[in-house]
Every structure is written in C-alpha cells, then in structure tokens.
$ cat run_32.pdb   # PDB, C-alpha atoms
ATOM      1  CA  MET M   1     -12.514  37.242  11.444  1.00  0.00           C
ATOM      2  CA  VAL M   2     -12.309  34.287   9.071  1.00  0.00           C
ATOM      3  CA  SER M   3      -8.898  35.325   7.742  1.00  0.00           C
ATOM      4  CA  GLY M   4      -7.602  35.700  11.328  1.00  0.00           C
ATOM      5  CA  THR M   5      -8.778  32.179  12.169  1.00  0.00           C
ATOM      6  CA  ARG M   6      -7.212  30.864   8.981  1.00  0.00           C
ATOM      7  CA  ALA M   7      -3.909  32.591   9.800  1.00  0.00           C
ATOM      8  CA  VAL M   8      -3.899  31.056  13.291  1.00  0.00           C
ATOM      9  CA  HIS M   9      -4.635  27.645  11.774  1.00  0.00           C
ATOM     10  CA  ASN M  10      -1.822  28.077   9.225  1.00  0.00           C
ATOM     11  CA  ILE M  11       0.591  29.005  12.008  1.00  0.00           C
ATOM     12  CA  GLU M  12      -0.443  25.934  14.024  1.00  0.00           C
ATOM     13  CA  VAL M  13      -0.008  23.661  10.992  1.00  0.00           C
ATOM     14  CA  THR M  14       3.391  25.181  10.272  1.00  0.00           C
ATOM     15  CA  ALA M  15       4.471  24.780  13.905  1.00  0.00           C
ATOM     16  CA  GLU M  16       3.378  21.132  13.913  1.00  0.00           C
ATOM     17  CA  SER M  17       5.240  20.509  10.672  1.00  0.00           C
ATOM     18  CA  LEU M  18       8.375  22.151  12.015  1.00  0.00           C
ATOM     19  CA  GLN M  19       8.150  20.099  15.217  1.00  0.00           C
ATOM     20  CA  GLU M  20       7.888  16.899  13.161  1.00  0.00           C
ATOM     21  CA  ASP M  21      10.896  17.994  11.108  1.00  0.00           C
ATOM     22  CA  LEU M  22      12.823  18.764  14.285  1.00  0.00           C
ATOM     23  CA  ASP M  23      12.037  15.335  15.755  1.00  0.00           C
ATOM     24  CA  ARG M  24      13.015  13.610  12.502  1.00  0.00           C
ATOM     25  CA  LEU M  25      16.242  15.590  12.222  1.00  0.00           C
ATOM     26  CA  GLU M  26      17.207  14.875  15.831  1.00  0.00           C
ATOM     27  CA  ALA M  27      16.684  11.140  15.259  1.00  0.00           C
ATOM     28  CA  GLN M  28      18.684  11.343  12.034  1.00  0.00           C
ATOM     29  CA  LYS M  29      21.465  13.237  13.834  1.00  0.00           C
ATOM     30  CA  GLN M  30      21.653  10.526  16.497  1.00  0.00           C
ATOM     31  CA  ALA M  31      21.780   7.808  13.844  1.00  0.00           C
ATOM     32  CA  LEU M  32      24.535   9.639  11.974  1.00  0.00           C
ATOM     33  CA  GLU M  33      26.505  10.155  15.183  1.00  0.00           C
ATOM     34  CA  ARG M  34      26.303   6.408  15.870  1.00  0.00           C
ATOM     35  CA  GLU M  35      27.418   5.655  12.325  1.00  0.00           C
ATOM     36  CA  LEU M  36      30.241   8.201  12.594  1.00  0.00           C
ATOM     37  CA  ALA M  37      31.395   6.626  15.859  1.00  0.00           C
ATOM     38  CA  ALA M  38      31.553   3.223  14.150  1.00  0.00           C
ATOM     39  CA  VAL M  39      33.503   4.680  11.217  1.00  0.00           C
ATOM     40  CA  VAL M  40      35.917   6.462  13.585  1.00  0.00           C
ATOM     41  CA  ALA M  41      36.466   3.221  15.497  1.00  0.00           C
ATOM     42  CA  HIS M  42      37.143   1.381  12.247  1.00  0.00           C
ATOM     43  CA  LEU M  43      39.437   4.184  11.112  1.00  0.00           C
ATOM     44  CA  GLY M  44      41.480   3.806  14.306  1.00  0.00           C
ATOM     45  CA  SER M  45      41.935   0.088  13.802  1.00  0.00           C
ATOM     46  CA  VAL M  46      42.940   0.601  10.162  1.00  0.00           C
ATOM     47  CA  GLN M  47      45.444   3.271  11.214  1.00  0.00           C
ATOM     48  CA  ARG M  48      46.989   0.925  13.765  1.00  0.00           C
ATOM     49  CA  ALA M  49      47.157  -1.926  11.248  1.00  0.00           C
ATOM     50  CA  LEU M  50      48.725   0.354   8.648  1.00  0.00           C
ATOM     51  CA  GLY M  51      51.275   1.556  11.196  1.00  0.00           C
ATOM     52  CA  ALA M  52      52.223  -2.032  11.986  1.00  0.00           C
ATOM     53  CA  LEU M  53      52.548  -2.854   8.285  1.00  0.00           C
ATOM     54  CA  GLN M  54      54.720   0.200   7.653  1.00  0.00           C
ATOM     55  CA  VAL M  55      57.074  -0.918  10.411  1.00  0.00           C
ATOM     56  CA  LEU M  56      57.257  -4.363   8.815  1.00  0.00           C
ATOM     57  CA  MET M  57      57.916  -2.855   5.387  1.00  0.00           C
ATOM     58  CA  ARG M  58      60.852  -0.873   6.800  1.00  0.00           C
ATOM     59  CA  ASP M  59      62.251  -3.884   8.688  1.00  0.00           C
ATOM     60  CA  PRO M  60      60.912  -7.210   7.360  1.00  0.00           C
ATOM     61  CA  SER M  61      62.839  -9.134  10.020  1.00  0.00           C
ATOM     62  CA  ALA M  62      60.833  -7.430  12.808  1.00  0.00           C
ATOM     63  CA  GLY M  63      58.362  -9.806  14.374  1.00  0.00           C
ATOM     64  CA  PRO M  64      54.885  -8.986  15.691  1.00  0.00           C
ATOM     65  CA  ALA M  65      56.283  -8.351  19.189  1.00  0.00           C
ATOM     66  CA  ASP M  66      58.666  -5.747  17.756  1.00  0.00           C
ATOM     67  CA  THR M  67      55.831  -3.817  16.106  1.00  0.00           C
ATOM     68  CA  ALA M  68      53.499  -3.418  19.080  1.00  0.00           C
ATOM     69  CA  PRO M  69      54.913  -0.136  20.415  1.00  0.00           C
ATOM     70  CA  ALA M  70      55.164   1.409  16.951  1.00  0.00           C
ATOM     71  CA  ALA M  71      51.567   0.451  16.098  1.00  0.00           C
ATOM     72  CA  GLU M  72      50.080   2.586  18.865  1.00  0.00           C
ATOM     73  CA  PRO M  73      48.286   5.653  17.494  1.00  0.00           C
ATOM     74  CA  ARG M  74      49.393   9.093  18.546  1.00  0.00           C
ATOM     75  CA  GLN M  75      47.322  10.438  21.392  1.00  0.00           C
ATOM     76  CA  THR M  76      46.116  14.023  21.464  1.00  0.00           C
ATOM     77  CA  PRO M  77      44.751  15.760  24.524  1.00  0.00           C
ATOM     78  CA  ALA M  78      41.168  14.899  25.384  1.00  0.00           C
ATOM     79  CA  PRO M  79      38.567  17.497  24.382  1.00  0.00           C
ATOM     80  CA  ARG M  80      37.686  20.087  26.988  1.00  0.00           C
ATOM     81  CA  ALA M  81      34.710  19.197  29.163  1.00  0.00           C
ATOM     82  CA  ASP M  82      33.037  22.507  28.321  1.00  0.00           C
ATOM     83  CA  ALA M  83      33.426  22.012  24.546  1.00  0.00           C
ATOM     84  CA  PRO M  84      30.156  21.360  22.730  1.00  0.00           C
ATOM     85  CA  PRO M  85      29.827  17.863  21.254  1.00  0.00           C
ATOM     86  CA  GLU M  86      29.663  19.072  17.664  1.00  0.00           C
ATOM     87  CA  VAL M  87      30.270  16.985  14.596  1.00  0.00           C
ATOM     88  CA  THR M  88      32.078  19.016  11.957  1.00  0.00           C
ATOM     89  CA  ALA M  89      33.234  18.151   8.493  1.00  0.00           C
ATOM     90  CA  ARG M  90      36.921  17.310   8.422  1.00  0.00           C
ATOM     91  CA  THR M  91      39.337  16.514   5.650  1.00  0.00           C
ATOM     92  CA  PRO M  92      40.863  13.030   5.540  1.00  0.00           C
ATOM     93  CA  ALA M  93      44.180  14.514   6.708  1.00  0.00           C
ATOM     94  CA  GLN M  94      42.462  16.060   9.719  1.00  0.00           C
ATOM     95  CA  VAL M  95      40.774  12.759  10.502  1.00  0.00           C
ATOM     96  CA  ARG M  96      44.149  10.975  10.377  1.00  0.00           C
ATOM     97  CA  ARG M  97      45.725  13.546  12.702  1.00  0.00           C
ATOM     98  CA  THR M  98      42.879  13.546  15.219  1.00  0.00           C
ATOM     99  CA  SER M  99      42.636  10.906  17.905  1.00  0.00           C
ATOM    100  CA  THR M 100      39.302  10.271  19.585  1.00  0.00           C
ATOM    101  CA  ALA M 101      38.171   8.487  22.702  1.00  0.00           C
ATOM    102  CA  ALA M 102      37.115   5.563  20.496  1.00  0.00           C
ATOM    103  CA  ASP M 103      40.692   5.272  19.232  1.00  0.00           C
ATOM    104  CA  ALA M 104      42.106   5.377  22.740  1.00  0.00           C
ATOM    105  CA  ASP M 105      39.871   2.668  24.140  1.00  0.00           C
ATOM    106  CA  ALA M 106      40.642  -0.744  22.635  1.00  0.00           C
ATOM    107  CA  ASP M 107      37.418  -2.245  23.961  1.00  0.00           C
ATOM    108  CA  SER M 108      35.339   0.422  22.273  1.00  0.00           C
ATOM    109  CA  ASP M 109      37.356  -0.081  19.113  1.00  0.00           C
ATOM    110  CA  ALA M 110      36.670  -3.796  19.009  1.00  0.00           C
ATOM    111  CA  GLU M 111      32.998  -3.232  19.738  1.00  0.00           C
ATOM    112  CA  GLY M 112      32.749  -0.513  17.081  1.00  0.00           C
ATOM    113  CA  GLN M 113      34.485  -2.691  14.536  1.00  0.00           C
ATOM    114  CA  LYS M 114      32.030  -5.521  15.213  1.00  0.00           C
ATOM    115  CA  LYS M 115      29.095  -3.138  14.724  1.00  0.00           C
ATOM    116  CA  TYR M 116      30.676  -1.685  11.592  1.00  0.00           C
ATOM    117  CA  GLY M 117      30.931  -5.043   9.817  1.00  0.00           C
ATOM    118  CA  ARG M 118      27.764  -6.527  11.280  1.00  0.00           C
ATOM    119  CA  LEU M 119      25.414  -4.628   8.952  1.00  0.00           C
ATOM    120  CA  THR M 120      27.246  -5.918   5.887  1.00  0.00           C
ATOM    121  CA  GLU M 121      27.018  -9.489   7.134  1.00  0.00           C
ATOM    122  CA  GLN M 122      23.333  -9.098   8.027  1.00  0.00           C
ATOM    123  CA  ILE M 123      22.590  -7.779   4.535  1.00  0.00           C
ATOM    124  CA  LEU M 124      24.481 -10.636   2.875  1.00  0.00           C
ATOM    125  CA  ASP M 125      22.630 -13.146   5.060  1.00  0.00           C
ATOM    126  CA  TYR M 126      19.327 -11.510   4.104  1.00  0.00           C
ATOM    127  CA  PHE M 127      20.121 -11.779   0.391  1.00  0.00           C
ATOM    128  CA  ALA M 128      21.056 -15.425   0.879  1.00  0.00           C
ATOM    129  CA  THR M 129      17.531 -16.059   2.200  1.00  0.00           C
ATOM    130  CA  VAL M 130      15.525 -14.050  -0.371  1.00  0.00           C
ATOM    131  CA  GLY M 131      17.170 -15.687  -3.344  1.00  0.00           C
ATOM    132  CA  ASP M 132      16.586 -14.290  -6.839  1.00  0.00           C
ATOM    133  CA  THR M 133      14.178 -11.520  -5.827  1.00  0.00           C
ATOM    134  CA  ASP M 134      14.374  -7.762  -6.372  1.00  0.00           C
ATOM    135  CA  VAL M 135      14.247  -5.859  -3.081  1.00  0.00           C
ATOM    136  CA  ARG M 136      14.368  -2.185  -2.133  1.00  0.00           C
ATOM    137  CA  ALA M 137      16.734  -0.763   0.465  1.00  0.00           C
ATOM    138  CA  ARG M 138      13.740   0.106   2.659  1.00  0.00           C
ATOM    139  CA  ASP M 139      12.610  -3.548   2.570  1.00  0.00           C
ATOM    140  CA  VAL M 140      16.084  -4.745   3.546  1.00  0.00           C
ATOM    141  CA  ALA M 141      16.167  -2.208   6.384  1.00  0.00           C
ATOM    142  CA  ALA M 142      12.730  -3.343   7.579  1.00  0.00           C
ATOM    143  CA  ALA M 143      13.763  -6.997   7.495  1.00  0.00           C
ATOM    144  CA  LEU M 144      16.824  -6.175   9.601  1.00  0.00           C
ATOM    145  CA  GLY M 145      14.852  -3.991  12.027  1.00  0.00           C
ATOM    146  CA  ARG M 146      16.747  -0.907  10.871  1.00  0.00           C
ATOM    147  CA  ASP M 147      13.849   1.116   9.483  1.00  0.00           C
ATOM    148  CA  THR M 148      13.347   3.366  12.505  1.00  0.00           C
ATOM    149  CA  ASP M 149      14.388   6.575  10.719  1.00  0.00           C
ATOM    150  CA  SER M 150      15.801   7.817   7.442  1.00  0.00           C
ATOM    151  CA  GLY M 151      19.350   7.780   8.832  1.00  0.00           C
ATOM    152  CA  THR M 152      19.344   4.050   9.486  1.00  0.00           C
ATOM    153  CA  ILE M 153      17.656   3.359   6.152  1.00  0.00           C
ATOM    154  CA  ASN M 154      20.320   5.463   4.439  1.00  0.00           C
ATOM    155  CA  ALA M 155      23.020   3.461   6.252  1.00  0.00           C
ATOM    156  CA  VAL M 156      21.507   0.288   4.770  1.00  0.00           C
ATOM    157  CA  ARG M 157      21.299   1.962   1.342  1.00  0.00           C
ATOM    158  CA  SER M 158      24.966   3.034   1.551  1.00  0.00           C
ATOM    159  CA  THR M 159      26.023  -0.462   2.548  1.00  0.00           C
ATOM    160  CA  LEU M 160      24.021  -1.899  -0.347  1.00  0.00           C
ATOM    161  CA  ASP M 161      25.790   0.490  -2.732  1.00  0.00           C
ATOM    162  CA  ARG M 162      29.183  -0.556  -1.340  1.00  0.00           C
ATOM    163  CA  LEU M 163      28.243  -4.209  -1.815  1.00  0.00           C
ATOM    164  CA  VAL M 164      27.241  -3.448  -5.410  1.00  0.00           C
ATOM    165  CA  GLY M 165      30.601  -1.715  -5.891  1.00  0.00           C
ATOM    166  CA  THR M 166      32.438  -4.801  -4.651  1.00  0.00           C
ATOM    167  CA  SER M 167      30.215  -7.082  -6.779  1.00  0.00           C
ATOM    168  CA  ARG M 168      28.832  -8.956  -3.791  1.00  0.00           C
ATOM    169  CA  ILE M 169      25.249  -8.085  -4.782  1.00  0.00           C
ATOM    170  CA  ARG M 170      23.908  -6.444  -7.931  1.00  0.00           C
ATOM    171  CA  ARG M 171      21.649  -3.555  -8.783  1.00  0.00           C
ATOM    172  CA  SER M 172      18.697  -4.843 -10.816  1.00  0.00           C
ATOM    173  CA  GLY M 173      16.993  -1.504 -11.407  1.00  0.00           C
ATOM    174  CA  ARG M 174      16.601   1.932  -9.944  1.00  0.00           C
ATOM    175  CA  GLY M 175      16.505   1.418  -6.195  1.00  0.00           C
ATOM    176  CA  LEU M 176      16.337  -2.366  -6.587  1.00  0.00           C
ATOM    177  CA  TYR M 177      18.927  -4.856  -5.436  1.00  0.00           C
ATOM    178  CA  ARG M 178      19.289  -8.598  -6.025  1.00  0.00           C
ATOM    179  CA  ALA M 179      21.582 -11.342  -4.795  1.00  0.00           C
ATOM    180  CA  LYS M 180      24.602 -11.973  -6.990  1.00  0.00           C
ATOM    181  CA  ARG M 181      24.178 -15.006  -9.208  1.00  0.00           C
ATOM    182  CA  SER M 182      26.629 -17.763  -8.410  1.00  0.00           C
TER     183      SER M 182
END
$ encode --input "run_32.pdb" --output "structure tokens"
Amino acid sequence: MVSGTRAVHNIEVTAESLQEDLDRLEAQKQALERELAAVVAHLGSVQRALGALQVLMRDPSAGPADTAPAAEPRQTPAPRADAPPEVTARTPAQVRRTSTAADADADSDAEGQKKYGRLTEQILDYFATVGDTDVRARDVAAALGRDTDSGTINAVRSTLDRLVGTSRIRRSGRGLYRAKRS
C-alpha cells in the first residue's frame, strides 16, 4: 500500500514538473517568435537597402528616385491559411529567398526595426547609468523589465555579447559585463 501511494505521488510530482516545463517552453517559444519576427523585419529592410545599393553600384548616375522600383523585394505567395504556423530552421539562402508578411508591410517593417534596435539602445543607456560596475545579464534584463522568461533574458544576453563583439561594452568576467572605459 505504501509503495502504491509513493508511486501515485511520484506520478503527480512528475506531472507537475512536466506542466511547469510546458508552460516555460511555451513562454520561451513566444519570446523566440517575437525575436524572430523582429529579425525577419530587420532582414527585409537590409535586403531592400542592399538592393538599392546594388542598383547604384551598377549605375552610379542613378538617383534615389531611379532606385525605388528596383529596391522592392520579390514577393512570394502568401502562406496557405490552413498551414500550421511553424518556425523551422532555414539556411541563409532560404531566408533571402523567402518573403514574409513582415517584409510586405512597410509599417510592420519600420515598427520591427525600431523594436530590434531598441534593446541595444536600452542596454547602452543602462550601462551609462551604472558606471564602472560589473553586472550580470539577468540584472540588466531585470532593470529593463525583460526578465519575464528565459527567452527574453537570453535575448538580453545575446545583445550583450554582440555589444562586447563590437567593443561597445566589455566582458569583465564569466557572465559579467561592464561599461566600456572612455
């Protein structure tokens, strides 16, 4: 009887743990989908800018008005309404060939681009206020109100690593970041 009760308890504990994992993973999935949407929007704007620059490289005498039609990205048919909204890994070539709704809508693109760069600016502003102090990515995320789940914290951590790579901030130890000395 005792082992049966213990088995039931173990099953309940396991079920609760799995439910917590499921909730955490769903929140992380949503955060990653938001981040992916911002990256896709930024990708579309970079593709359009590159297209405009390529036209100018071919014909330097072409003015900005001459490049507008050539800078438009290629449009592919919209996804079927019955297709599941899955996020799959794609190669960079596939990403370049695929057009999304974010690419097609200029308003969404501008909004996505603002969101994409906003985190970087918020982090730089934060480091300007903390001065010469070591901080963890989790602390930066908390200060920016982006510590709701591991996905948003990881977005902050990735941005911090990019800023280290561009020498805008520096890594002062394992998991520690500090403002760049002037």
$ closest_residue --input "run_32.pdb" --among "M:Ala49, M:Val40, M:Ala142, M:Ala128" --to "Arg181 (chain M)" --atoms "only C-alpha atoms"
M:Ala128
$ atom_distance --input "run_32.pdb" --atom1 "CA of Ala137 (chain M)" --atom2 "CA of Arg157 (chain M)"
5.4 Å
$ atom_distance --input "run_32.pdb" --atom1 "CA of Thr133 (chain M)" --atom2 "CA of Asp147 (chain M)"
19.9 Å
$ residues_around --input "run_32.pdb" --residues "region 162-179 of chain M" --least-positions-apart "2" --cutoff "9 Å" --atoms "only C-alpha atoms" --output "list in words"
Thr120, Leu124, Phe127, Ala128, Val130, Gly131, Asp132, Thr133, Asp134, Val135, Arg136, Ala137, Arg157, Ser158, Thr159, Leu160, Arg181 and Ser182 of chain M
$ write_last_selection --input "run_32.pdb" --atoms "C-alpha atoms" --output "PDB file, keeping the file's coordinate frame"
ATOM      1  CA  THR M 120      27.246  -5.918   5.887  1.00  0.00           C
ATOM      2  CA  LEU M 124      24.481 -10.636   2.875  1.00  0.00           C
ATOM      3  CA  PHE M 127      20.121 -11.779   0.391  1.00  0.00           C
ATOM      4  CA  ALA M 128      21.056 -15.425   0.879  1.00  0.00           C
ATOM      5  CA  VAL M 130      15.525 -14.050  -0.371  1.00  0.00           C
ATOM      6  CA  GLY M 131      17.170 -15.687  -3.344  1.00  0.00           C
ATOM      7  CA  ASP M 132      16.586 -14.290  -6.839  1.00  0.00           C
ATOM      8  CA  THR M 133      14.178 -11.520  -5.827  1.00  0.00           C
ATOM      9  CA  ASP M 134      14.374  -7.762  -6.372  1.00  0.00           C
ATOM     10  CA  VAL M 135      14.247  -5.859  -3.081  1.00  0.00           C
ATOM     11  CA  ARG M 136      14.368  -2.185  -2.133  1.00  0.00           C
ATOM     12  CA  ALA M 137      16.734  -0.763   0.465  1.00  0.00           C
ATOM     13  CA  ARG M 157      21.299   1.962   1.342  1.00  0.00           C
ATOM     14  CA  SER M 158      24.966   3.034   1.551  1.00  0.00           C
ATOM     15  CA  THR M 159      26.023  -0.462   2.548  1.00  0.00           C
ATOM     16  CA  LEU M 160      24.021  -1.899  -0.347  1.00  0.00           C
ATOM     17  CA  ARG M 181      24.178 -15.006  -9.208  1.00  0.00           C
ATOM     18  CA  SER M 182      26.629 -17.763  -8.410  1.00  0.00           C
TER      19      SER M 182
END
$ residues_around --input "run_32.pdb" --residues "region 26-32 of chain M" --least-positions-apart "5" --cutoff "7 Å" --atoms "only C-alpha atoms" --output "PyMOL selection string"
chain M and resi 149-152
$ atom_distance --input "run_32.pdb" --atom1 "CA of Val140 (chain M)" --atom2 "CA of Lys180 (chain M)"
15.4 Å
$ axis_aligned_box --input "run_32.pdb" --around "region 145-149 of chain M" --padding-each-side "3 Å" --output "lines of an AutoDock Vina configuration file"
center_x = 15.0
center_y = 1.3
center_z = 11.0
size_x = 9.4
size_y = 16.6
size_z = 9.0
